[in-house]
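Below is the file entry_9.tsv, which contains TSV, C-alpha atoms.
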chain	number	residue	atom	x	y	z
A	1	MET	CA	21.40	-96.11	-7.37
A	2	GLU	CA	17.67	-95.82	-6.79
A	3	SER	CA	16.17	-93.84	-3.95
A	4	GLY	CA	13.62	-95.31	-1.57
A	5	CYS	CA	10.72	-93.76	-3.47
A	6	ASP	CA	11.91	-95.16	-6.80
A	7	VAL	CA	11.96	-98.69	-5.44
A	8	PHE	CA	8.51	-98.34	-3.87
A	9	PHE	CA	6.93	-96.62	-6.89
A	10	ASP	CA	8.23	-98.78	-9.73
A	11	ASP	CA	4.90	-98.62	-11.51
A	12	GLY	CA	3.82	-95.05	-12.26
A	13	GLY	CA	0.14	-96.00	-12.20
A	14	PHE	CA	0.30	-97.22	-8.62
A	15	ALA	CA	2.13	-94.07	-7.54
A	16	MET	CA	-0.45	-91.77	-9.10
A	17	THR	CA	-3.33	-93.77	-7.64
A	18	TRP	CA	-1.77	-93.66	-4.17
A	19	PHE	CA	-1.04	-89.94	-4.49
A	20	ALA	CA	-4.54	-89.11	-5.80
A	21	LEU	CA	-6.31	-91.14	-3.12
A	22	THR	CA	-4.27	-89.69	-0.29
A	23	SER	CA	-4.62	-86.13	-1.58
A	24	SER	CA	-8.38	-86.55	-1.97
A	25	LEU	CA	-8.76	-87.78	1.60
A	26	LEU	CA	-6.66	-84.92	2.94
A	27	PHE	CA	-8.68	-82.36	0.99
A	28	ALA	CA	-11.89	-83.88	2.37
A	29	ALA	CA	-10.46	-83.63	5.89
A	30	ILE	CA	-9.62	-79.96	5.31
A	31	GLY	CA	-13.18	-79.35	4.16
A	32	LEU	CA	-14.63	-80.96	7.29
A	33	ALA	CA	-12.26	-79.05	9.55
A	34	PHE	CA	-13.11	-75.80	7.79
A	35	PHE	CA	-16.79	-76.53	8.39
A	36	ARG	CA	-15.97	-76.82	12.11
A	37	VAL	CA	-14.10	-73.49	11.99
A	38	VAL	CA	-17.12	-71.76	10.47
A	39	ARG	CA	-19.80	-73.43	12.59
A	40	GLY	CA	-17.95	-74.32	15.77
A	41	PRO	CA	-20.12	-74.06	18.85
A	42	SER	CA	-17.33	-72.41	20.83
A	43	PRO	CA	-14.10	-70.53	20.13
A	44	PHE	CA	-12.15	-73.45	21.59
A	45	ASP	CA	-13.56	-75.77	18.93
A	46	ARG	CA	-12.55	-73.29	16.26
A	47	VAL	CA	-8.98	-73.15	17.57
A	48	VAL	CA	-8.72	-76.93	17.58
A	49	ALA	CA	-10.09	-77.04	14.02
A	50	LEU	CA	-7.53	-74.45	12.89
A	51	ASP	CA	-4.78	-76.52	14.45
A	52	LEU	CA	-6.13	-79.57	12.63
A	53	ILE	CA	-6.05	-77.69	9.32
A	54	GLY	CA	-2.41	-76.81	10.00
A	55	GLY	CA	-1.62	-80.46	10.69
A	56	ILE	CA	-3.37	-81.60	7.53
A	57	CYS	CA	-1.48	-79.02	5.47
A	58	LEU	CA	1.68	-80.32	7.05
A	59	CYS	CA	0.76	-83.85	5.96
A	60	MET	CA	0.13	-82.61	2.42
A	61	ILE	CA	3.54	-80.96	2.24
A	62	VAL	CA	5.22	-84.15	3.44
A	63	LEU	CA	3.19	-86.12	0.87
A	64	PHE	CA	4.42	-83.81	-1.90
A	65	ALA	CA	7.99	-84.12	-0.58
A	66	ILE	CA	7.81	-87.90	-0.79
A	67	PHE	CA	6.05	-88.07	-4.14
A	68	PHE	CA	8.23	-85.51	-5.92
A	69	ASP	CA	11.42	-86.54	-4.04
A	70	GLN	CA	12.11	-82.98	-2.81
A	71	ALA	CA	13.78	-82.97	0.60
A	72	VAL	CA	13.65	-79.16	0.80
A	73	LEU	CA	9.89	-79.40	1.36
A	74	LEU	CA	10.56	-81.19	4.64
A	75	ASP	CA	12.34	-78.06	5.91
A	76	ALA	CA	9.28	-76.00	5.01
A	77	ALA	CA	7.07	-78.55	6.79
A	78	PHE	CA	9.18	-78.19	9.93
A	79	VAL	CA	8.82	-74.40	9.90
A	80	ILE	CA	5.06	-74.64	9.34
A	81	ALA	CA	4.78	-77.08	12.25
A	82	LEU	CA	6.57	-74.63	14.55
A	83	VAL	CA	4.43	-71.68	13.46
A	84	SER	CA	1.25	-73.74	13.83
A	85	PHE	CA	2.23	-74.80	17.34
A	86	ILE	CA	3.08	-71.26	18.42
A	87	GLY	CA	-0.15	-69.93	16.93
A	88	THR	CA	-2.23	-72.55	18.73
A	89	VAL	CA	-0.58	-71.79	22.05
A	90	ALA	CA	-1.12	-68.05	21.53
A	91	PHE	CA	-4.83	-68.58	20.71
A	92	ALA	CA	-5.26	-70.86	23.73
A	93	ARG	CA	-3.68	-68.31	26.06
A	94	TYR	CA	-5.85	-65.54	24.62
A	95	LEU	CA	-9.02	-67.59	25.00
A	96	GLY	CA	-8.00	-68.73	28.46
A	97	LYS	CA	-7.99	-65.14	29.76
A	98	GLY	CA	-11.59	-64.37	28.80
A	99	ASP	CA	-15.01	-65.88	29.44
A	100	PHE	CA	-16.21	-67.18	26.08
A	101	GLU	CA	-18.77	-69.77	27.21
Represent the supplied structure as structure tokens.
Amino acid sequence: MESGCDVFFDDGGFAMTWFALTSSLLFAAIGLAFFRVVRGPSPFDRVVALDLIGGICLCMIVLFAIFFDQAVLLDAAFVIALVSFIGTVAFARYLGKGDFE
């Protein structure tokens, strides 16, 4: 019996093209978000950019889980999502207590 990915990716060339295109776009998004972390006009922009990088990394892990048919990576993605959320809330509370304008 074939899994869902095997039916969708019958042709290996299409699967590699899809994977390469998606990975390239995600890497470009990480680069742009990292630029915002380095040159953000305010600490709040930097926190949002760090949260975006966490979300993009989460997308990449899910992409790898789908492409390589490894369900265990979805568990790791869930843990990373929780840690990213808690970190963002902690940064926001820290920045909310001070005057960083």
Under the rule that all atoms listed in the file are counted, which of A:Phe27, A:Leu73, A:Leu95, A:Gly87 is the nearest residue to Leu50 in chain A?
A:Gly87
Please determine, counting all atoms listed in the file, which residue among A:Ala20, A:Ala33, A:Val83, A:Leu25 has the shortest atom-to-atom distance to Val48 in chain A.
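Once distances to Val48 in chain A are computed over all atoms listed in the file, the minimum belongs to A:Ala33.
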Find the residues near Phe67 in chain A: any atom within 9 Å, counting all atoms listed in the file, skip ones fewer than 5 places away on the same chain, and give them as a PyMOL selection string.
chain A and resi 5+15-16+19+62
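Interatomic distance, CA of Ile61 in chain A against CA of Asp45 in chain A: 24.5 Å.
CA of Thr17 in chain A to CA of Leu63 in chain A spans 13.2 Å [interatomic distance, one decimal].
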Computed gap from CA of Phe78 in chain A to CA of Phe91 in chain A is 20.1 Å
Best match for closeness to Ala76 in chain A among A:Val47, A:Leu58, A:Gly96, A:Val38, counting only C-alpha atoms
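Closest residue, counting only C-alpha atoms: A:Leu58.
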Which of these residues is nearest to Ala28 in chain A, using all atoms listed in the file: A:Ala71, A:Ile56, A:Ile80, A:Ala90?
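Of the candidates, the smallest distance to Ala28 in chain A is held by A:Ile56.
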For Ser84 in chain A, which residue out of A:Gly31, A:Gly98, A:Gly55, A:Gly40 is the nearest one, using only C-alpha atoms?
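Closest to Ser84 in chain A of all the choices is A:Gly55.
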Which residue is closest to Ala29 in chain A? Choose from A:Met60, A:Gly13, A:Val89, A:Phe44 and count all atoms listed in the file.
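The answer is A:Met60, which sits nearest to Ala29 in chain A.
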Can you rebuild range 39-55 of chain A with N, CA and C atoms and give it as a compact mmCIF listing (two decimals), in the coordinates of the input?
# COMPACT_ATOMS: atom_id res chain seq x y z
N ARG A 39 -18.62 -73.18 11.77
CA ARG A 39 -19.80 -73.43 12.59
C ARG A 39 -19.50 -73.98 13.97
N GLY A 40 -18.29 -73.79 14.46
CA GLY A 40 -17.95 -74.32 15.77
C GLY A 40 -18.82 -73.75 16.87
N PRO A 41 -19.26 -74.59 17.79
CA PRO A 41 -20.12 -74.06 18.85
C PRO A 41 -19.38 -73.14 19.83
N SER A 42 -18.08 -73.27 19.92
CA SER A 42 -17.33 -72.41 20.83
C SER A 42 -16.01 -72.00 20.17
N PRO A 43 -15.40 -70.94 20.67
CA PRO A 43 -14.10 -70.53 20.13
C PRO A 43 -13.02 -71.60 20.32
N PHE A 44 -13.14 -72.40 21.36
CA PHE A 44 -12.15 -73.45 21.59
C PHE A 44 -12.21 -74.51 20.49
N ASP A 45 -13.42 -74.84 20.04
CA ASP A 45 -13.56 -75.77 18.93
C ASP A 45 -12.96 -75.21 17.65
N ARG A 46 -13.11 -73.93 17.45
CA ARG A 46 -12.55 -73.29 16.26
C ARG A 46 -11.02 -73.31 16.28
N VAL A 47 -10.44 -73.11 17.46
CA VAL A 47 -8.98 -73.15 17.57
C VAL A 47 -8.46 -74.55 17.30
N VAL A 48 -9.14 -75.55 17.82
CA VAL A 48 -8.72 -76.93 17.58
C VAL A 48 -8.84 -77.27 16.10
N ALA A 49 -9.91 -76.79 15.45
CA ALA A 49 -10.09 -77.04 14.02
C ALA A 49 -9.00 -76.35 13.20
N LEU A 50 -8.62 -75.13 13.59
CA LEU A 50 -7.53 -74.45 12.89
C LEU A 50 -6.21 -75.20 13.06
N ASP A 51 -5.98 -75.73 14.23
CA ASP A 51 -4.78 -76.52 14.45
C ASP A 51 -4.82 -77.79 13.60
N LEU A 52 -5.99 -78.39 13.47
CA LEU A 52 -6.13 -79.57 12.63
C LEU A 52 -5.85 -79.24 11.17
N ILE A 53 -6.33 -78.10 10.70
CA ILE A 53 -6.05 -77.69 9.32
C ILE A 53 -4.55 -77.52 9.11
N GLY A 54 -3.87 -76.93 10.10
CA GLY A 54 -2.41 -76.81 10.00
C GLY A 54 -1.72 -78.15 9.93
N GLY A 55 -2.20 -79.12 10.72
CA GLY A 55 -1.62 -80.46 10.69
C GLY A 55 -1.88 -81.17 9.38
